[in-house]
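See below for input.cif, which holds mmCIF, C-alpha atoms.
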data_target
loop_
_atom_site.label_atom_id
_atom_site.label_comp_id
_atom_site.auth_asym_id
_atom_site.auth_seq_id
_atom_site.Cartn_x
_atom_site.Cartn_y
_atom_site.Cartn_z
CA MET T 1 0.00 0.00 0.00
CA ASN T 2 1.42 3.34 -1.06
CA ASP T 3 -1.09 5.49 0.75
CA HIS T 4 -0.78 4.27 4.33
CA LEU T 5 -1.34 6.98 6.89
CA GLN T 6 0.33 6.75 10.27
CA ILE T 7 0.25 9.13 13.21
CA LYS T 8 2.23 8.30 16.33
CA SER T 9 2.19 10.39 19.45
CA GLU T 10 4.75 10.36 22.25
CA ILE T 11 5.88 12.55 25.13
CA ARG T 12 9.59 13.35 25.23
CA ASP T 13 10.79 15.34 28.26
CA GLY T 14 7.28 16.64 28.77
CA ILE T 15 6.89 17.76 25.16
CA PRO T 16 4.07 16.21 23.12
CA ILE T 17 5.39 14.99 19.76
CA LEU T 18 3.22 13.91 16.85
CA GLU T 19 4.92 11.92 14.13
CA LEU T 20 3.18 11.86 10.78
CA ASP T 21 3.95 9.53 7.91
CA TYR T 22 2.08 8.63 4.73
CA GLY T 23 2.70 7.32 1.25
CA PRO T 24 3.11 9.49 -1.84
CA ASN T 25 -0.46 8.82 -3.02
CA THR T 26 -2.14 9.95 0.19
CA MET T 27 -2.28 13.58 -0.90
CA PHE T 28 -4.48 12.57 -3.86
CA ARG T 29 -7.09 10.79 -1.76
CA ALA T 30 -10.50 12.40 -1.42
CA GLN T 31 -11.31 13.99 1.96
CA VAL T 32 -7.79 13.31 3.20
CA ALA T 33 -7.48 16.84 4.64
CA ASP T 34 -10.38 16.29 7.03
CA LEU T 35 -9.14 12.84 7.99
CA LEU T 36 -5.60 14.08 8.65
CA ALA T 37 -6.79 17.10 10.62
CA GLU T 38 -9.17 15.03 12.72
CA LYS T 39 -6.50 12.44 13.55
CA LEU T 40 -3.82 15.01 14.36
CA VAL T 41 -6.09 17.03 16.61
CA SER T 42 -7.47 14.00 18.44
CA GLU T 43 -3.96 12.55 18.98
CA TYR T 44 -2.77 15.91 20.28
CA ARG T 45 -5.73 16.27 22.66
CA ALA T 46 -5.37 12.70 23.90
CA GLY T 47 -1.61 12.80 24.54
CA ARG T 48 -1.06 16.38 25.63
CA PRO T 49 0.16 16.93 29.23
CA SER T 50 -2.15 19.32 31.06
CA HIS T 51 0.47 22.05 31.63
CA SER T 52 1.97 21.90 28.11
CA VAL T 53 1.73 24.94 25.84
CA VAL T 54 3.80 23.54 22.97
CA CYS T 55 3.42 20.81 20.40
CA VAL T 56 5.95 19.32 17.98
CA LEU T 57 4.79 17.91 14.66
CA ASN T 58 7.38 15.81 12.85
CA ILE T 59 6.66 15.00 9.22
CA LYS T 60 8.42 11.91 7.91
CA ALA T 61 6.80 11.82 4.47
CA ASN T 62 8.51 13.20 1.38
CA THR T 63 5.45 14.73 -0.23
CA ALA T 64 3.08 17.48 0.82
CA GLY T 65 0.07 19.31 -0.57
CA SER T 66 -2.99 21.33 0.30
CA PRO T 67 -4.49 18.55 2.48
CA LEU T 68 -1.38 18.52 4.67
CA VAL T 69 -1.35 22.32 4.93
CA ARG T 70 -5.05 22.27 5.90
CA ALA T 71 -4.39 19.61 8.57
CA ILE T 72 -1.42 21.52 9.99
CA PHE T 73 -3.52 24.67 10.03
CA GLU T 74 -6.31 22.93 11.98
CA LEU T 75 -3.78 21.62 14.50
CA TYR T 76 -2.27 25.10 14.75
CA ASN T 77 -5.73 26.49 15.53
CA VAL T 78 -6.14 24.08 18.43
CA VAL T 79 -2.62 24.63 19.80
CA SER T 80 -2.73 28.42 19.49
CA ALA T 81 -6.19 28.57 21.06
CA ASP T 82 -4.40 27.74 24.34
CA SER T 83 -1.74 30.39 23.57
CA GLY T 84 0.62 27.59 22.60
CA THR T 85 3.23 27.23 19.86
CA LEU T 86 3.32 24.57 17.18
CA TYR T 87 6.80 23.48 16.06
CA CYS T 88 6.83 21.75 12.71
CA SER T 89 9.89 19.77 11.68
CA GLY T 90 10.71 17.79 8.56
CA TYR T 91 8.32 19.58 6.22
CA PRO T 92 9.39 18.36 2.74
CA SER T 93 11.80 21.00 1.44
CA ASN T 94 10.57 20.60 -2.16
CA TYR T 95 7.16 21.81 -1.04
CA MET T 96 8.32 24.63 1.21
CA GLU T 97 7.57 27.28 -1.42
CA SER T 98 3.88 26.50 -1.46
CA LEU T 99 3.74 26.56 2.35
CA THR T 100 5.32 30.03 2.47
CA SER T 101 3.06 31.35 -0.27
CA LEU T 102 0.04 30.40 1.85
CA GLY T 103 1.34 32.45 4.78
CA LEU T 104 1.28 29.73 7.44
CA PRO T 105 4.96 30.12 8.53
CA ALA T 106 4.40 33.84 9.13
CA LEU T 107 1.67 33.26 11.72
CA PRO T 108 2.52 33.95 15.36
CA GLY T 109 2.82 30.71 17.30
CA PHE T 110 3.98 28.65 14.32
CA LYS T 111 7.64 27.72 13.92
CA LEU T 112 9.42 25.65 11.31
CA THR T 113 12.57 23.69 12.11
CA LYS T 114 14.82 21.43 10.07
CA THR T 115 15.08 18.48 12.44
CA LEU T 116 13.04 16.92 15.19
CA ASP T 117 15.80 17.46 17.78
CA GLU T 118 15.90 21.16 16.94
CA ALA T 119 12.12 21.38 17.32
CA VAL T 120 12.19 19.58 20.66
CA ALA T 121 14.99 21.86 21.93
CA PHE T 122 13.05 24.99 20.95
CA ALA T 123 9.85 23.59 22.44
CA GLN T 124 11.62 22.77 25.71
CA GLN T 125 12.95 26.33 25.88
CA ALA T 126 9.49 27.78 25.29
CA GLN T 127 7.92 25.42 27.84
CA ALA T 128 10.58 26.30 30.45
CA THR T 129 9.98 30.02 29.89
CA GLU T 130 6.25 29.48 30.27
CA ASP T 131 6.73 27.38 33.45
CA ASN T 132 9.00 30.05 34.96
CA SER T 133 6.59 32.86 34.20
CA GLY T 134 3.79 30.76 35.70
CA LYS T 135 5.79 30.23 38.91
CA SER T 136 6.69 33.90 39.25
CA GLN T 137 3.04 34.84 38.96
CA MET U 138 -19.51 45.31 -36.99
CA ILE U 139 -18.59 48.51 -35.15
CA GLU U 140 -21.40 47.78 -32.72
CA LYS U 141 -19.92 44.31 -32.05
CA LEU U 142 -16.47 45.79 -31.63
CA VAL U 143 -17.71 48.46 -29.24
CA GLY U 144 -19.79 45.85 -27.40
CA ARG U 145 -16.63 43.93 -26.53
CA PHE U 146 -15.36 46.83 -24.42
CA SER U 147 -17.25 48.14 -21.44
CA LEU U 148 -16.98 51.82 -20.63
CA ALA U 149 -15.25 50.96 -17.34
CA ASP U 150 -12.62 48.89 -19.21
CA VAL U 151 -11.89 51.62 -21.72
CA LEU U 152 -11.70 54.33 -19.07
CA SER U 153 -9.57 52.25 -16.71
CA GLN U 154 -7.03 51.71 -19.50
CA LEU U 155 -7.27 55.12 -21.15
CA ALA U 156 -6.92 57.22 -18.02
CA PRO U 157 -3.59 55.78 -16.80
CA GLY U 158 -2.35 55.97 -20.41
CA PHE U 159 -3.24 59.66 -20.62
CA VAL U 160 -1.63 60.36 -17.26
CA ALA U 161 1.52 58.55 -18.44
CA LEU U 162 1.61 60.62 -21.65
CA ILE U 163 1.19 63.86 -19.71
CA ALA U 164 3.87 62.78 -17.21
CA LEU U 165 6.24 62.07 -20.12
CA ARG U 166 5.61 65.52 -21.59
CA VAL U 167 6.10 67.25 -18.24
CA LEU U 168 9.27 65.31 -17.41
CA PHE U 169 10.85 65.84 -20.80
CA GLY U 170 10.28 69.56 -20.78
CA ALA U 171 7.37 69.92 -23.22
CA GLY U 172 5.01 71.14 -20.50
CA VAL U 173 1.34 70.33 -20.01
CA PRO U 174 -0.38 69.87 -23.40
CA ASP U 175 -2.54 72.82 -24.43
CA THR U 176 -5.86 71.50 -25.70
CA VAL U 177 -7.69 74.82 -25.87
CA GLY U 178 -6.35 75.74 -29.26
CA LEU U 179 -7.30 72.44 -30.92
CA GLY U 180 -9.99 72.91 -33.53
CA PHE U 181 -11.48 70.37 -35.90
CA SER U 182 -8.81 70.56 -38.59
CA PRO U 183 -7.68 67.22 -40.11
CA GLY U 184 -4.27 67.66 -38.45
CA SER U 185 -5.67 68.11 -34.96
CA LEU U 186 -8.13 65.24 -35.46
CA SER U 187 -5.36 62.83 -36.44
CA LEU U 188 -3.30 64.06 -33.49
CA ALA U 189 -6.24 63.44 -31.17
CA LEU U 190 -6.77 59.95 -32.62
CA THR U 191 -3.07 59.11 -32.34
CA THR U 192 -3.05 60.34 -28.75
CA LEU U 193 -6.16 58.26 -28.00
CA VAL U 194 -4.72 55.08 -29.49
CA GLY U 195 -1.33 55.76 -27.90
CA ALA U 196 -2.88 56.36 -24.48
CA TYR U 197 -4.98 53.20 -24.77
CA SER U 198 -1.94 51.13 -25.80
CA ILE U 199 0.14 52.52 -22.95
CA GLY U 200 -2.79 51.83 -20.60
CA LEU U 201 -2.91 48.18 -21.72
CA PHE U 202 0.84 47.86 -21.30
CA LEU U 203 0.64 49.38 -17.81
CA LEU U 204 -2.13 46.97 -16.90
CA GLU U 205 0.00 43.95 -17.81
CA TRP U 206 2.99 45.43 -16.02
CA VAL U 207 0.93 46.08 -12.89
CA SER U 208 -0.50 42.53 -12.86
CA PHE U 209 2.93 40.97 -13.29
CA GLY U 210 4.68 43.27 -10.80
CA THR U 211 2.03 42.93 -8.10
CA ARG U 212 2.02 39.15 -8.49
CA LEU U 213 5.80 39.08 -8.05
CA PHE U 214 5.67 41.51 -5.13
CA PHE U 215 3.04 39.46 -3.28
CA SER U 216 5.02 36.30 -3.82
CA LEU U 217 8.26 37.81 -2.50
CA ARG U 218 6.47 39.52 0.37
CA MET U 219 5.06 36.20 1.61
CA LYS U 220 8.54 34.70 1.38
CA HIS U 221 9.99 37.60 3.37
CA LEU U 222 7.36 37.25 6.07
CA ALA U 223 8.07 33.53 6.38
CA LEU U 224 11.81 34.24 6.42
CA ASN U 225 11.48 36.80 9.21
CA ALA U 226 9.47 34.37 11.32
CA ASN U 227 11.70 31.35 10.59
CA PRO U 228 15.21 32.60 9.81
CA LEU U 229 16.79 29.16 10.33
CA ILE U 230 14.79 27.20 7.81
CA ILE U 231 14.00 29.37 4.80
CA ARG U 232 16.73 30.25 2.30
CA ARG U 233 18.08 33.76 2.67
CA HIS U 234 18.05 36.09 -0.29
CA GLN U 235 21.21 36.93 -2.20
CA LEU U 236 22.26 40.52 -2.77
CA TRP U 237 20.74 40.54 -6.24
CA ASP U 238 17.44 39.34 -4.80
CA TRP U 239 17.46 42.25 -2.37
CA LEU U 240 18.11 44.74 -5.18
CA GLY U 241 15.25 43.26 -7.18
CA TRP U 242 13.07 43.30 -4.09
CA THR U 243 13.83 47.00 -3.45
CA MET U 244 12.92 47.91 -7.03
CA LEU U 245 9.76 45.85 -6.82
CA ALA U 246 8.75 47.43 -3.50
CA LEU U 247 9.34 50.92 -4.93
CA LEU U 248 7.12 50.30 -7.94
CA HIS U 249 4.58 47.78 -6.65
CA GLY U 250 4.87 47.74 -2.86
CA MET U 251 1.43 47.54 -1.30
CA PRO U 252 0.36 46.89 2.31
CA LEU U 253 -0.82 43.31 2.65
CA PRO U 254 -3.42 42.34 5.24
CA ARG U 255 -1.76 41.43 8.55
CA MET U 256 -0.82 37.80 8.90
CA ARG U 257 -3.88 36.88 10.88
CA ARG U 258 -5.46 33.50 11.06
CA SER U 259 -8.41 34.53 8.88
CA PHE U 260 -6.14 35.67 6.03
CA VAL U 261 -4.18 32.41 6.05
CA GLU U 262 -7.41 30.42 6.35
CA ALA U 263 -8.73 32.17 3.24
CA GLN U 264 -5.50 31.36 1.38
CA VAL U 265 -5.62 27.69 2.39
CA MET U 266 -9.30 27.44 1.49
CA MET U 267 -8.78 29.05 -1.94
CA SER U 268 -5.78 26.84 -2.64
CA GLU U 269 -7.73 23.68 -1.79
CA PHE U 270 -10.68 24.77 -3.91
CA ASN U 271 -8.51 25.75 -6.88
CA GLU U 272 -6.66 22.45 -6.82
CA ASN U 273 -9.80 20.35 -6.42
CA THR U 274 -11.62 22.19 -9.18
CA SER U 275 -8.77 22.41 -11.66
CA HIS U 276 -7.48 18.89 -10.83
CA THR U 277 -3.95 20.17 -10.34
CA PHE U 278 -1.53 19.31 -7.56
CA GLU U 279 0.61 21.77 -5.63
CA SER U 280 -0.51 24.80 -7.60
CA SER U 281 0.34 26.92 -4.53
CA ARG U 282 3.98 26.58 -5.51
CA PHE U 283 3.54 28.89 -8.49
CA CYS U 284 0.66 30.93 -7.08
CA SER U 285 0.98 34.12 -5.09
CA PRO U 286 -2.05 35.39 -3.08
CA TRP U 287 -2.74 37.67 -6.06
CA ASP U 288 -3.00 34.76 -8.54
CA ARG U 289 -4.80 32.59 -6.06
CA LEU U 290 -7.62 35.09 -5.60
CA GLU U 291 -7.88 35.74 -9.34
CA LEU U 292 -8.05 32.01 -10.10
CA PHE U 293 -10.52 31.41 -7.29
CA ARG U 294 -12.76 34.24 -8.52
CA LYS U 295 -12.87 32.62 -11.95
CA LEU U 296 -13.33 29.06 -10.72
CA VAL U 297 -15.91 29.77 -8.05
CA SER U 298 -18.18 31.26 -10.73
CA ARG U 299 -18.64 27.69 -12.01
CA ALA U 300 -20.51 26.77 -8.85
CA CYS U 301 -24.21 27.52 -9.30
CA LEU U 302 -24.98 29.56 -6.21
CA LYS U 303 -28.01 31.72 -5.61
CA GLY U 304 -26.99 35.37 -5.66
CA ALA U 305 -23.42 34.56 -6.68
CA ASP U 306 -23.67 36.59 -9.89
CA GLU U 307 -24.29 39.83 -7.99
CA VAL U 308 -21.34 39.20 -5.68
CA LEU U 309 -19.06 38.27 -8.59
CA THR U 310 -20.12 41.33 -10.60
CA CYS U 311 -19.39 43.48 -7.59
CA ALA U 312 -16.01 41.75 -7.13
CA ALA U 313 -15.17 42.25 -10.83
CA ASP U 314 -16.07 45.92 -10.50
CA ILE U 315 -13.79 46.27 -7.48
CA HIS U 316 -11.03 44.40 -9.33
CA ALA U 317 -11.28 46.84 -12.25
CA ARG U 318 -10.98 49.77 -9.83
CA LEU U 319 -8.04 48.05 -8.12
CA LEU U 320 -6.18 47.68 -11.43
CA PHE U 321 -7.00 51.28 -12.36
CA VAL U 322 -5.64 52.60 -9.05
CA LEU U 323 -2.55 50.39 -9.30
CA SER U 324 -1.86 51.54 -12.88
CA LEU U 325 -2.07 55.18 -11.81
CA SER U 326 0.13 54.46 -8.81
CA LEU U 327 2.72 52.87 -11.11
CA VAL U 328 2.69 55.93 -13.40
CA PHE U 329 3.21 58.22 -10.41
CA ALA U 330 5.99 56.02 -9.04
CA LEU U 331 7.75 55.97 -12.42
CA ALA U 332 7.35 59.74 -12.72
CA ALA U 333 8.83 60.21 -9.23
CA ILE U 334 11.80 57.95 -10.04
CA ALA U 335 12.42 59.60 -13.43
CA GLY U 336 12.12 63.03 -11.77
CA ALA U 337 14.56 62.02 -9.03
CA VAL U 338 17.09 60.85 -11.64
CA GLN U 339 16.70 64.11 -13.60
CA PHE U 340 17.05 66.10 -10.39
CA ALA U 341 20.20 64.23 -9.36
CA VAL U 342 21.78 64.66 -12.81
CA ALA U 343 21.02 68.41 -12.80
CA ALA U 344 22.36 68.79 -9.26
CA VAL U 345 25.64 67.04 -10.11
CA ARG U 346 26.25 68.49 -13.57
CA GLU U 347 24.90 72.01 -13.26
CA HIS U 348 25.11 72.42 -9.45
CA ARG U 349 21.55 73.73 -9.27
CA VAL U 350 18.58 72.68 -7.18
CA ASP U 351 15.23 72.79 -8.96
CA VAL U 352 12.57 73.41 -6.30
CA GLN U 353 9.77 72.83 -8.80
CA MET U 354 11.20 69.40 -9.55
CA ILE U 355 11.39 68.56 -5.83
CA LEU U 356 7.71 69.44 -5.48
CA LEU U 357 6.87 67.34 -8.52
CA ILE U 358 8.77 64.33 -7.16
CA ALA U 359 7.21 64.67 -3.70
CA THR U 360 3.70 64.98 -5.16
CA ALA U 361 4.16 62.00 -7.45
CA ALA U 362 5.62 59.85 -4.65
CA ALA U 363 2.87 60.84 -2.20
CA GLY U 364 0.21 60.20 -4.85
CA SER U 365 1.64 56.78 -5.59
CA LEU U 366 1.75 55.81 -1.91
CA MET U 367 -1.80 57.00 -1.28
CA MET U 368 -3.09 55.05 -4.25
CA ARG U 369 -1.41 51.90 -3.00
CA ALA U 370 -3.15 52.30 0.34
CA VAL U 371 -6.45 52.64 -1.55
CA ALA U 372 -5.56 49.61 -3.68
CA ALA U 373 -4.88 47.55 -0.55
CA ARG U 374 -8.38 48.33 0.72
CA TYR U 375 -9.87 47.34 -2.66
CA TRP U 376 -7.94 44.08 -2.62
CA GLU U 377 -9.19 43.25 0.87
CA MET U 378 -12.75 44.04 -0.18
CA GLU U 379 -12.45 41.80 -3.22
CA LEU U 380 -10.99 39.02 -1.07
CA MET U 381 -13.83 39.25 1.44
CA LEU U 382 -16.51 39.36 -1.25
CA VAL U 383 -15.20 36.36 -3.16
CA CYS U 384 -14.46 34.32 -0.05
CA SER U 385 -18.02 34.92 1.15
CA LEU U 386 -19.15 32.68 -1.72
CA ALA U 387 -16.92 29.88 -0.52
CA GLU U 388 -18.22 30.20 3.02
CA ARG U 389 -21.75 29.73 1.72
CA ARG U 390 -20.66 26.68 -0.21
CA ARG U 391 -18.96 25.26 2.91
CA ILE U 392 -15.84 23.96 1.16
#
I'd like the structure from this file rewritten - as structure tokens, please.
Amino acid sequence: MNDHLQIKSEIRDGIPILELDYGPNTMFRAQVADLLAEKLVSEYRAGRPSHSVVCVLNIKANTAGSPLVRAIFELYNVVSADSGTLYCSGYPSNYMESLTSLGLPALPGFKLTKTLDEAVAFAQQAQATEDNSGKSQ
Amino acid sequence: MIEKLVGRFSLADVLSQLAPGFVALIALRVLFGAGVPDTVGLGFSPGSLSLALTTLVGAYSIGLFLLEWVSFGTRLFFSLRMKHLALNANPLIIRRHQLWDWLGWTMLALLHGMPLPRMRRSFVEAQVMMSEFNENTSHTFESSRFCSPWDRLELFRKLVSRACLKGADEVLTCAADIHARLLFVLSLSLVFALAAIAGAVQFAVAAVREHRVDVQMILLIATAAAGSLMMRAVAARYWEMELMLVCSLAERRRI
């Protein structure tokens, strides 16, 4: 099967990480945007620690398209609704131009990183800052 | 036959292309020292009639040329602007521009720079929605790669008209009317910007060669630059209005 769709969620050092993988044909499937968005949001809600204000999305697939952008945008809406930040790593570089032309990377609370480790490091920093400001208040 | 020919052009089309053409012709005359054309003395002699016709055709041709220039320049500006915004927010991931890119960008911003709506969620949502709709309707993949927000809206406006919606015609006619005004304002803004740049070059040359400062020229440059900037602000409002109008159709369709 070329169009398998896999979403794994894990918590690393208190940071919720969603790992997304799919085959090259997935982007051509009908209604895939809704399916992807629904799965990402439900995985995030189910695995998110209560105090967390960050989320890391790691994309392992080599292709992207409007359905993926829509799904990321829906996840961003949920994360940013709690004043959180979504870190997105591994977005296929060949498709970066279309992502920038849609304006998603320019939104506040959305950050792109090259690798998963980089994303986790940034997320940990942001979470620590948030925890410290919470304590001081 | 003439009726058919005339029927192809609406009055708004003709005016929106003629007016910037006329302004460009007048700007050329003023900048190259011929002064403002005197039309009072023109009678109905064959010579003056042919001059008037030549001017009319010339102005219309220049207007058409300006229209194409404006469309291309604004498209390029929007595309680079989105890239810059993404670069500013994510400096580690997106490729930095080379020096030549920055020079091109400066030129583009001088001639076509226009305030974009702030990067709010609703603006990005509209972009994502239009992109999805355009790709689904045109059966293309990854069209966002070669589309700027300018193209995306234009394509969406054309494609959404295929959907049979009650009351859509009125909205689309209104959007087309606003689009015509937007192009008209942008064409005029381009003429003013070009006049300001040409005036600044003339001023600099005169200041260096003849060591004289032409106050009249400074006023002309300032007026042209201010006019161009004001028109871009107006154009930005028109573009936002067009975006809202056209996207309202998609909301009703619940894409």
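Shortest separation to Leu245 in chain U among U:Leu327, U:Gly195, U:Trp287, U:Glu307 occurs at residue U:Leu327, atoms counted being all atoms listed in the file.
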Quick one: contact table of chain T to chain U, 8 Å max, nearest atom pair and distance in Å to one decimal per residue, counting only C-alpha atoms, chain and number order, as JSON lines?
{"residue": "T:Gly65", "atom": "CA", "partner": "U:Glu279", "partner_atom": "CA", "distance": 5.7}
{"residue": "T:Ser66", "atom": "CA", "partner": "U:Glu269", "partner_atom": "CA", "distance": 5.7}
{"residue": "T:Pro67", "atom": "CA", "partner": "U:Glu269", "partner_atom": "CA", "distance": 7.4}
{"residue": "T:Val69", "atom": "CA", "partner": "U:Val265", "partner_atom": "CA", "distance": 7.3}
{"residue": "T:Arg70", "atom": "CA", "partner": "U:Val265", "partner_atom": "CA", "distance": 6.5}
{"residue": "T:Phe73", "atom": "CA", "partner": "U:Glu262", "partner_atom": "CA", "distance": 7.9}
{"residue": "T:Tyr95", "atom": "CA", "partner": "U:Arg282", "partner_atom": "CA", "distance": 7.3}
{"residue": "T:Glu97", "atom": "CA", "partner": "U:Arg282", "partner_atom": "CA", "distance": 5.5}
{"residue": "T:Ser98", "atom": "CA", "partner": "U:Arg282", "partner_atom": "CA", "distance": 4.1}
{"residue": "T:Leu99", "atom": "CA", "partner": "U:Ser281", "partner_atom": "CA", "distance": 7.7}
{"residue": "T:Thr100", "atom": "CA", "partner": "U:Lys220", "partner_atom": "CA", "distance": 5.8}
{"residue": "T:Ser101", "atom": "CA", "partner": "U:Met219", "partner_atom": "CA", "distance": 5.6}
{"residue": "T:Leu102", "atom": "CA", "partner": "U:Gln264", "partner_atom": "CA", "distance": 5.6}
{"residue": "T:Gly103", "atom": "CA", "partner": "U:Val261", "partner_atom": "CA", "distance": 5.7}
{"residue": "T:Leu104", "atom": "CA", "partner": "U:Val261", "partner_atom": "CA", "distance": 6.2}
{"residue": "T:Pro105", "atom": "CA", "partner": "U:Ala223", "partner_atom": "CA", "distance": 5.1}
{"residue": "T:Ala106", "atom": "CA", "partner": "U:Ala223", "partner_atom": "CA", "distance": 4.6}
{"residue": "T:Leu107", "atom": "CA", "partner": "U:Met256", "partner_atom": "CA", "distance": 5.9}
{"residue": "T:Lys111", "atom": "CA", "partner": "U:Asn227", "partner_atom": "CA", "distance": 6.4}
{"residue": "T:Leu112", "atom": "CA", "partner": "U:Asn227", "partner_atom": "CA", "distance": 6.2}
{"residue": "T:Thr113", "atom": "CA", "partner": "U:Ile230", "partner_atom": "CA", "distance": 6.0}
{"residue": "T:Lys114", "atom": "CA", "partner": "U:Ile230", "partner_atom": "CA", "distance": 6.2}
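Nearest residue to Leu36 in chain T among T:Ala61, T:Leu116, T:Leu68, T:Asn94 is T:Leu68, counting only C-alpha atoms.
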Item to check | Residue members of the PyMOL selection byres ((chain U and resi 333) around 10) in the file shown, as an MDAnalysis selection string | outcome: chainID U and resid 164 168 327:332 334:339 354:355 357:365
Item to check | Sphere at (-4.2, 28.2, 21.2), radius 12 Å, counting all atoms listed in the file: residues as a PyMOL selection string | outcome: (chain T and resi 52-55+73-86+108-110) or (chain U and resi 258)
Restricting it to C-alpha atoms, dump the selection as a PDB file, in the frame of the given file.
ATOM      1  CA  SER T  52       1.970  21.900  28.110  1.00  0.00           C
ATOM      2  CA  VAL T  53       1.730  24.940  25.840  1.00  0.00           C
ATOM      3  CA  VAL T  54       3.800  23.540  22.970  1.00  0.00           C
ATOM      4  CA  CYS T  55       3.420  20.810  20.400  1.00  0.00           C
ATOM      5  CA  PHE T  73      -3.520  24.670  10.030  1.00  0.00           C
ATOM      6  CA  GLU T  74      -6.310  22.930  11.980  1.00  0.00           C
ATOM      7  CA  LEU T  75      -3.780  21.620  14.500  1.00  0.00           C
ATOM      8  CA  TYR T  76      -2.270  25.100  14.750  1.00  0.00           C
ATOM      9  CA  ASN T  77      -5.730  26.490  15.530  1.00  0.00           C
ATOM     10  CA  VAL T  78      -6.140  24.080  18.430  1.00  0.00           C
ATOM     11  CA  VAL T  79      -2.620  24.630  19.800  1.00  0.00           C
ATOM     12  CA  SER T  80      -2.730  28.420  19.490  1.00  0.00           C
ATOM     13  CA  ALA T  81      -6.190  28.570  21.060  1.00  0.00           C
ATOM     14  CA  ASP T  82      -4.400  27.740  24.340  1.00  0.00           C
ATOM     15  CA  SER T  83      -1.740  30.390  23.570  1.00  0.00           C
ATOM     16  CA  GLY T  84       0.620  27.590  22.600  1.00  0.00           C
ATOM     17  CA  THR T  85       3.230  27.230  19.860  1.00  0.00           C
ATOM     18  CA  LEU T  86       3.320  24.570  17.180  1.00  0.00           C
ATOM     19  CA  PRO T 108       2.520  33.950  15.360  1.00  0.00           C
ATOM     20  CA  GLY T 109       2.820  30.710  17.300  1.00  0.00           C
ATOM     21  CA  PHE T 110       3.980  28.650  14.320  1.00  0.00           C
TER      22      PHE T 110
ATOM     23  CA  ARG U 258      -5.460  33.500  11.060  1.00  0.00           C
TER      24      ARG U 258
END
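The result of the PyMOL selection byres ((chain U and resi 371) around 10) on the shown file is U:Met251, U:Pro252, U:Arg318, U:Leu319, U:Val322, U:Leu323, U:Ser326, U:Ser365, U:Leu366, U:Met367, U:Met368, U:Arg369, U:Ala370, U:Ala372, U:Ala373, U:Arg374, U:Tyr375, U:Trp376.
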